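Q: Can you read through this structure? Questions will come right after.
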Amino acid sequence: MAGSPAYAVDLTAMIAATMLPFVSFLTILIATRGRPRLSAGLSIGSVTISLACSIALLALHFHLAAPIEFSTRLLASGGLDIPFGFLLDRLNLLMIAIVSAICFLVQVYSLGYMAGDPGFSRYYGFMSLFTWAMMSLALSASLLQLYFFWELVGLSSYLLIGFWYEKFSATQAGKKAFVMTRAGDAAFFIGLLLLFVHTGDLSIAHLDSRSALSGVSPSFLTLSALLIFGGIVGKSAQFPLMTWLPDAMEGPTPVSALLHSATMVAAGVYLFARLFPFFSMSSVAMTVFLAIGTISMLLASTMAIVSRDIKKVWAYSTISQLGFMIMALGAGGYFAGVFHLTTHAGFKALLFLCSGVFIHRYETNDIYELSRFGARRMVIPTVSIVLGAAALSGLPPLSGYFSKEAIMGSLAAMHNPLWLAAGLAGVFLTAYYSFRVIFILLFPRAEGAASPPPQEAGITAGGHAAHESGYRAMAWPLIILSAVSVIFGFFKTSFKDFIGGGAAAGGAAGMEPSWLHIAPLALALAGVGLAWVEFGRKGAKQIGFVDRMPVLSRLFAERWYIDRFYGLVVEFVIDRGISRLCSQNDRKVIDGSIDGICEGTVESGWVVAFLQTGMIQYRLLAILGVLALLLLCFYF
Amino acid sequence: MTLYGILFYLISAAVIGATAIAITRKNLMHAVVYLIVSFFGTAMLFYLFGAPLLAAFEVIIYAGAIMVLFLFVVMMIREEPSGESVFPATQWVPAAFFCLIYVFVAAAMAVQTPGLNAPLKMLTASPIQFAVHVFEYHWFSIEVVSLLLLVALIGALNLGAGKSAHCGQDGEEEK
Amino acid sequence: MIAPFSHVLVVAGILFALGAFCAVTRRNLIMIVLGIEIMLNAAAIAFVGGSLHLDNLDGQTFVLFILAVAATEVSVGLAIIVYAFRRTGSFDPADFNLLR
């Protein structure tokens, strides 16, 4: 196939799609730092071309039968052979389309949101870096190459989360995100090495073919699968390493939208889907994945119930939806997981971008305050956020409904009904917390005497005029994303045809019982209903049922004390144990030896200085002495 | 032992003795005069070794020019009799030690090396022979040396000129 | 017949040692230069003796150069000494230790 026109076109398109954002990143960083409009234009231009290439590739290969691989050798030494190149199959095609589309929309939206920020060019530079890393990650042909870009995604998310570096909490959050994902990545890398040592090949296509791993022992397979899953846990913010994600809300809101829908966290799920045949070879590992997905899903949902910060609610919901995806994949529902990844990318980006509009306008994250300022007067964001929340909770005509149903279908195929029960509970909680936010936003309550003072309204009106031009740039992506959220669900079957080719659980989804169509919907509606009773209806106190139980609400608000636990671990094990040892070592051994060397130098300097008297004759004497000794040396 | 041999030992003893006296004189003028005696003796040794031209040069340049230059300097600068100890112990003890080592080893080597103990024959290089040899084989070195002398002349002139330039500033106490 | 060449070398060596001793021990700049002159002179004696011993006029030629170098060195050296004396009023080498 090499040399044929189609080959050249594919390769060109892929290189253009991946490399252009990188080129624009470099250009922005080197040349156009001082010219924000030009930088934004460059970045958006490159991502537009990326998007066009991705869509063209998707259209060209819509009926792709076998994966296409373009690879060259990155390095070969002895028995080591590391390929480097592009792999193109249906999952990739889908992923690059999602990534480039979301990146494009977010970048357009940022024109409004970030307008006037002193770091405007830097922001777009990092955005381009992010786009490049994510696109290349999606197209990587080997696990090692994927790992490079995996780390690059981590780096660029660190840069973007800590974008407002003057803010202490933002730098802290960036650091936390970086360190926690790194903890997972270390496991990932070890798993990678193990796999490499035992199979000698890290090509994804190779790993996904069952024959390659036939000679490997099952326990080893489980071990390496679990280790690689460690990377996914870190990146997708699953149970033990989930706390970085809510803190990552310190970054600009479009960054959160990008991070939490299509890129950073989705990279983990994408890796899972990418290596799905490999993972599904170890049933133990799959059960662990399922359990971790379930735990994170439930924990995050409960956290979302009590949060007052609108962005944090969506952050928790991201964790919980990622938990859903992991559950679906862990249960063998390849199609369900990928489908939910797709729909979630749409509506979660939508939710974040809507919240971004509110936050930009009213400069607060608190939902009660937003409500009091009259956030519902902004029509487009309000309608969009309702649509997004409905999609998130899985109400019928919207995309979320279809993907959730598919997930429930794959969970029902498991023997243990516990998973299904947990999933259904998750559906209920999701609907409850998302509509809690919606109802609070829609129906402001005068809490005590805190009705919106008129002069405050005047200020916001003035601000509104100033933000008018940016508002349009922010509104368009919202409209597009809402449309996608509404429509996309109806393409479930064609999507299934497209993606489900290799799915193992294709048969399982067929025999789902009829009540399964109804149960999630009924629970979602129940969740919405409960939210209505507590927050929406006239005279409701807007106090959730959890808030009435102080112990529980405290537990949820403190994120189940996971952070506190990490803090303690860090304090006792690292600060008091390892750090103290290190600092003792530093002070006693290293400082001591260096001080010793310094003092020795000073003292020997004194001795030498004593010899140097500045007198010519002593030097002559030394010459004479040396001559005499040389003579002795020659003579004997 | 021939007459020339006796002459050699006598002159050598005189040269060494004059030099030894010269380097121990506290008075610089005396030292220079003793050294002139030493150089005259050296010139005689040269003559003995068959280098009459060099002997003449030795007298003219060393004893004549160089030593007179020393005398000029010594006389130009009125040296106050300082409290100089002629041989400070920190210097002369190690110096003497090393010099003795040097002399003994050199003497041992010179005496023990075979072929050095045959008495020297009498030969004389006439100035014509010497000049022919020099300008036949070493004309380039002669040019280099003449350049060196020119440089020395300029350097000395420069130092002297610099002296008068500095006189107005820090040379007041001399006048 | 004159004395053997080794005796010439011994005489030159003793003279050299005397010059070196003078240069090292006398705390007077002029005496240091004088010591150097003595050393050069000792070398000249060795060269002339060697020239006779080997029946080769190159040794004598070298003495010619030594004379030239000695003249150069003395003229510049004495100029420097005079200059230094005018600046500091001393001949003691121990006083010239600004760089210490």
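The chains in the structure tokens are called A, B, ... from first to last as shown; in each chain the residues are counted from 1, and the ligands are counted from 1 in the order shown.
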May I have the residues of chain C within 6 Å of chain B, counting only C-alpha atoms, written as a compact mmCIF listing (two decimals) with N, CA and C atoms, in the first residue's frame?

A:
```txt
# COMPACT_ATOMS: atom_id res chain seq x y z
N MET C 1 100.25 21.72 26.74
CA MET C 1 99.17 20.98 27.40
C MET C 1 98.63 21.75 28.60
N ILE C 2 97.35 21.88 28.62
CA ILE C 2 96.71 22.56 29.74
C ILE C 2 96.08 21.48 30.64
N ALA C 3 95.35 21.92 31.63
CA ALA C 3 94.69 20.98 32.54
C ALA C 3 93.55 20.26 31.82
N PRO C 4 93.10 19.13 32.36
CA PRO C 4 91.98 18.43 31.72
C PRO C 4 90.68 19.25 31.74
N PHE C 5 89.81 18.89 30.82
CA PHE C 5 88.56 19.63 30.67
C PHE C 5 87.68 19.53 31.92
N SER C 6 87.77 18.39 32.58
CA SER C 6 86.93 18.24 33.78
C SER C 6 87.27 19.29 34.81
N VAL C 10 84.87 22.00 36.58
CA VAL C 10 84.76 22.19 38.03
C VAL C 10 84.91 23.65 38.38
N ALA C 17 78.19 28.32 41.15
CA ALA C 17 77.60 28.19 42.48
C ALA C 17 77.78 29.47 43.27
N PHE C 21 74.77 31.60 44.68
CA PHE C 21 74.73 31.92 46.11
C PHE C 21 74.56 33.41 46.32
N CYS C 22 75.29 34.18 45.52
CA CYS C 22 75.18 35.62 45.64
C CYS C 22 73.78 36.10 45.28
N THR C 25 71.32 35.00 48.15
CA THR C 25 71.42 35.42 49.54
C THR C 25 71.54 36.92 49.74
N ARG C 26 72.17 37.64 48.84
CA ARG C 26 72.39 39.07 49.09
C ARG C 26 71.09 39.83 48.97
N THR C 72 72.71 43.25 27.39
CA THR C 72 71.30 43.62 27.34
C THR C 72 70.67 43.57 28.72
N VAL C 76 69.08 46.81 30.82
CA VAL C 76 67.66 46.91 31.18
C VAL C 76 67.45 46.69 32.67
N ALA C 79 68.42 49.65 34.65
CA ALA C 79 67.43 50.72 34.47
C ALA C 79 66.22 50.45 35.35
```

Q: Compute the set of chain A residues within 6 Å of chain C, using only C-alpha atoms, and express it as a PyMOL selection string.

A: chain A and resi 614-615+617+620-621

Q: Those residues you just picked out, can you put them in a file as a PDB file, in the first residue's frame with N, CA and C atoms?

A:
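Saved result, out14.pdb, follows:
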```pdb
ATOM      1  N   GLY A 614      56.257  37.141  48.562  1.00  0.00           N
ATOM      2  CA  GLY A 614      56.459  38.257  47.668  1.00  0.00           C
ATOM      3  C   GLY A 614      57.919  38.634  47.531  1.00  0.00           C
ATOM      4  N   MET A 615      58.801  37.692  47.828  1.00  0.00           N
ATOM      5  CA  MET A 615      60.227  37.999  47.809  1.00  0.00           C
ATOM      6  C   MET A 615      60.880  37.211  46.684  1.00  0.00           C
ATOM      7  N   GLN A 617      63.889  36.486  46.086  1.00  0.00           N
ATOM      8  CA  GLN A 617      65.010  35.597  46.391  1.00  0.00           C
ATOM      9  C   GLN A 617      64.568  34.220  46.857  1.00  0.00           C
ATOM     10  N   LEU A 620      64.071  32.381  43.758  1.00  0.00           N
ATOM     11  CA  LEU A 620      65.372  31.979  43.219  1.00  0.00           C
ATOM     12  C   LEU A 620      65.912  30.789  43.987  1.00  0.00           C
ATOM     13  N   LEU A 621      65.722  30.849  45.304  1.00  0.00           N
ATOM     14  CA  LEU A 621      66.188  29.757  46.149  1.00  0.00           C
ATOM     15  C   LEU A 621      65.483  28.465  45.771  1.00  0.00           C
TER      16      LEU A 621
END
```

Q: Give me the residues within 8 Å of Ile30 (chain C) as a ChimeraX atom specification, counting only C-alpha atoms and dropping any in the same chain fewer than 3 places off.

A: /B:70 /C:33-34,78,81,91

Q: I need the chosen residues saved as a short mmCIF file (atom, residue, chain, number, x, y, z; two decimals), in the first residue's frame, with N, CA and C atoms.

A:
```cif
data_model
loop_
_atom_site.label_atom_id
_atom_site.label_comp_id
_atom_site.auth_asym_id
_atom_site.auth_seq_id
_atom_site.Cartn_x
_atom_site.Cartn_y
_atom_site.Cartn_z
N PHE B 70 77.70 49.26 36.28
CA PHE B 70 77.39 49.01 37.70
C PHE B 70 77.94 50.12 38.57
N VAL C 33 71.78 41.16 40.54
CA VAL C 33 72.16 41.25 39.13
C VAL C 33 73.63 40.86 38.96
N LEU C 34 74.44 41.27 39.91
CA LEU C 34 75.85 40.88 39.85
C LEU C 34 76.00 39.37 39.89
N LEU C 78 69.49 47.16 35.20
CA LEU C 78 69.90 48.29 36.02
C LEU C 78 68.92 49.46 35.87
N ILE C 81 66.16 48.69 38.08
CA ILE C 81 66.52 48.85 39.50
C ILE C 81 66.53 50.32 39.88
N PHE C 91 66.71 49.16 48.10
CA PHE C 91 67.25 48.10 47.26
C PHE C 91 66.87 46.72 47.77
#
```

Q: May I have a table of the residues of chain A lying at most 12 Å from chain B, giving each one's closest pair of atoms and their distance in Å to one decimal, counting only C-alpha atoms, ordered by chain and ascending residue number, as a tab-separated table?

A:
```
residue	atom	partner	partner_atom	distance
A:Met615	CA	B:Gln91	CA	11.4
A:Ile616	CA	B:Gln91	CA	11.6
A:Gln617	CA	B:Gln91	CA	8.2
A:Tyr618	CA	B:Gln91	CA	7.7
A:Arg619	CA	B:Gln91	CA	11.0
A:Leu620	CA	B:Ala95	CA	9.5
A:Leu621	CA	B:Ala95	CA	6.5
A:Ala622	CA	B:Ala95	CA	9.2
A:Ile623	CA	B:Phe98	CA	10.2
A:Leu624	CA	B:Phe98	CA	6.9
A:Gly625	CA	B:Phe98	CA	5.7
A:Val626	CA	B:Phe98	CA	8.9
A:Leu627	CA	B:Tyr102	CA	8.1
A:Ala628	CA	B:Tyr102	CA	5.3
A:Leu629	CA	B:Phe98	CA	8.2
A:Leu630	CA	B:Tyr102	CA	9.7
A:Leu631	CA	B:Tyr102	CA	7.1
A:Leu632	CA	B:Val105	CA	6.8
A:Cys633	CA	B:Val105	CA	10.2
A:Phe634	CA	B:Val105	CA	9.7
A:Tyr635	CA	B:Val105	CA	7.2
A:Phe636	CA	B:Val105	CA	9.6
```

Q: Near Ala170 (chain A), counting only C-alpha atoms, which residues have an atom at most 10 Å away, once you skip same-chain residues fewer than 6 positions from it, shown as a PyMOL selection string?

A: chain A and resi 158+160-164+176+247-252

Q: Would you mind exporting the chosen residues as a PDB file, in the first residue's frame, restricted to C-alpha atoms?

A:
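As written to disk, selection.pdb reads:
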```pdb
ATOM      1  CA  TYR A 158       0.019  21.423  34.552  1.00  0.00           C
ATOM      2  CA  LEU A 160      -2.768  25.383  32.011  1.00  0.00           C
ATOM      3  CA  ILE A 161      -4.076  24.611  35.480  1.00  0.00           C
ATOM      4  CA  GLY A 162      -1.393  26.785  36.969  1.00  0.00           C
ATOM      5  CA  PHE A 163      -1.944  29.346  34.253  1.00  0.00           C
ATOM      6  CA  TRP A 164      -2.699  32.143  36.678  1.00  0.00           C
ATOM      7  CA  LYS A 176      -0.946  18.621  42.763  1.00  0.00           C
ATOM      8  CA  ASP A 247      -8.443  21.362  42.593  1.00  0.00           C
ATOM      9  CA  ALA A 248      -7.645  21.664  38.921  1.00  0.00           C
ATOM     10  CA  MET A 249     -10.629  23.995  38.742  1.00  0.00           C
ATOM     11  CA  GLU A 250      -8.218  26.781  39.632  1.00  0.00           C
ATOM     12  CA  GLY A 251      -7.331  27.120  35.984  1.00  0.00           C
ATOM     13  CA  PRO A 252      -9.366  29.202  33.576  1.00  0.00           C
TER      14      PRO A 252
END
```

Q: For the atom pair CA of Leu351 (chain A) and CA of Ser46 (chain A), what is the interatomic distance in Å to one decimal place?

A: 25.2 Å

Q: List every residue of chain B that DSSP, applied to the backbone, labels as helix (DSSP H, G or I), and write the result as an MDAnalysis selection string.

A: chainID B and resid 3:24 28:48 52:76 89:112 127:137 139:170 172:174

Q: Which of these residues is nearest to Phe65 (chain C), using only C-alpha atoms: C:Ala12, C:Leu52, C:Ala44, C:Ile38?

A: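 Looking only at the distances to Phe65 (chain C), the closest residue turns out to be C:Ala44.
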
Q: Could you check which of C:Val82, C:Gly77, C:Ile45, C:Ala71 is closest to Gly59 (chain C), using only C-alpha atoms?

A: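 Comparing C:Val82, C:Gly77, C:Ile45, C:Ala71 against Gly59 (chain C), the winner is C:Ile45.
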
Q: If we count only C-alpha atoms and set the cut-off at 12 Å, which residues sit around Ile30 (chain A), ignoring sequence neighbours fewer than 3 positions away in its own chain? Please answer as a VMD selection string.

A: chain A and resid 23 to 27 33 to 35 39 121 to 122 125

Q: Between B:Ser126, B:Val59, B:Phe40, B:Asn27, which is the closest to Leu71 (chain B) once you count only C-alpha atoms?

A: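 With only C-alpha atoms as the atom set, the closest residue is B:Asn27.
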
Q: Please report the interatomic distance between CA of Val48 (chain C) and CA of Ile66 (chain C) in Å with one decimal.

A: 11.4 Å
